[in-house]
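Let me begin by presenting the structure, written as structure tokens, before commenting on it.
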Amino acid sequence: MERVSSSVQSWVEEHKLATIGGVWAAAVGGSVAYSRRRSPQRATSLRLIHARIHAQALTLAVLGGAAALMHYRNKSKSSAAEQLDLDFYSQLPAATDADGNENERWSW
């Protein structure tokens, strides 16, 4: 099951707009079907208006979740980048030697 979820997750990451469009279309279809079943006497135009509003609300929720996920991932990447910078600077030679003389690599 983990393999399927990771492949779905990678596809969603690569096709963000298609995923959001698919969620929107599914929400419109589901809302129209629910409205048609619940109150068949309602006008089609009214059903479509309500379906569009429901789909917009769901799309905003999906976009908000995607933004929160992106923020969380960027935050974790930035902390890893800070650690990488610290590792980089620890590998550089010292600016001065033990006697206090300036290292040749650091002189202009």
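Each chain of the structure tokens is named A, B, ... in the order shown, its residues numbered from 1; ligands are numbered from 1 in display order.
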Who sits within 10 Å of Ile20 in chain A, only C-alpha atoms, same chain under 4 positions skipped, as a PDB file with N, CA and C atoms, in the first residue's frame:
```
ATOM      1  N   VAL A  12       1.084  13.411  -8.217  1.00  0.00           N
ATOM      2  CA  VAL A  12       0.413  14.654  -7.826  1.00  0.00           C
ATOM      3  C   VAL A  12       1.419  15.805  -7.774  1.00  0.00           C
ATOM      4  N   HIS A  15       2.076  16.847 -11.371  1.00  0.00           N
ATOM      5  CA  HIS A  15       0.914  17.345 -12.116  1.00  0.00           C
ATOM      6  C   HIS A  15      -0.035  18.095 -11.176  1.00  0.00           C
ATOM      7  N   LYS A  16       0.455  19.174 -10.580  1.00  0.00           N
ATOM      8  CA  LYS A  16      -0.328  19.899  -9.583  1.00  0.00           C
ATOM      9  C   LYS A  16      -1.597  20.509 -10.172  1.00  0.00           C
ATOM     10  N   TRP A  24     -11.618  19.774  -8.844  1.00  0.00           N
ATOM     11  CA  TRP A  24     -12.702  20.715  -9.125  1.00  0.00           C
ATOM     12  C   TRP A  24     -13.801  20.049  -9.961  1.00  0.00           C
ATOM     13  N   ALA A  25     -13.411  19.332 -11.023  1.00  0.00           N
ATOM     14  CA  ALA A  25     -14.403  18.664 -11.877  1.00  0.00           C
ATOM     15  C   ALA A  25     -15.168  17.589 -11.105  1.00  0.00           C
ATOM     16  N   ALA A  26     -14.471  16.837 -10.287  1.00  0.00           N
ATOM     17  CA  ALA A  26     -15.138  15.811  -9.483  1.00  0.00           C
ATOM     18  C   ALA A  26     -16.102  16.442  -8.484  1.00  0.00           C
ATOM     19  N   LEU A  58     -14.169  23.653  -2.200  1.00  0.00           N
ATOM     20  CA  LEU A  58     -13.269  22.507  -2.104  1.00  0.00           C
ATOM     21  C   LEU A  58     -11.915  22.824  -2.727  1.00  0.00           C
ATOM     22  N   THR A  59     -11.909  23.533  -3.852  1.00  0.00           N
ATOM     23  CA  THR A  59     -10.652  23.898  -4.502  1.00  0.00           C
ATOM     24  C   THR A  59      -9.829  24.819  -3.616  1.00  0.00           C
ATOM     25  N   LEU A  60     -10.465  25.770  -2.963  1.00  0.00           N
ATOM     26  CA  LEU A  60      -9.738  26.642  -2.041  1.00  0.00           C
ATOM     27  C   LEU A  60      -9.152  25.852  -0.872  1.00  0.00           C
ATOM     28  N   VAL A  62      -8.233  22.686  -0.999  1.00  0.00           N
ATOM     29  CA  VAL A  62      -7.106  21.923  -1.546  1.00  0.00           C
ATOM     30  C   VAL A  62      -5.904  22.837  -1.747  1.00  0.00           C
ATOM     31  N   LEU A  63      -6.120  24.037  -2.288  1.00  0.00           N
ATOM     32  CA  LEU A  63      -5.014  24.975  -2.480  1.00  0.00           C
ATOM     33  C   LEU A  63      -4.407  25.399  -1.142  1.00  0.00           C
ATOM     34  N   ALA A  66      -2.299  22.552   0.022  1.00  0.00           N
ATOM     35  CA  ALA A  66      -1.062  22.480  -0.764  1.00  0.00           C
ATOM     36  C   ALA A  66      -0.087  23.569  -0.344  1.00  0.00           C
TER      37      ALA A  66
END
```
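For the atom pair formed by CA of Ser76 in chain A and CA of Thr19 in chain A, the distance is 24.2 Å, given to one decimal.
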Enter the distance from CA of Ser10 in chain A to CA of Ala61 in chain A, in Å, rounded to one decimal.
20.3 Å
Quick check, in Å to one decimal: how far apart do CA of Val32 in chain A and CA of Arg47 in chain A lie?
6.0 Å
Please provide as a VMD selection string all residues within 12 Å of Arg36 in chain A, with the sequence filter that same-chain residues fewer than 5 positions apart are discarded (counting only C-alpha atoms).
chain A and resid 29 to 31 41 to 48 50 to 51
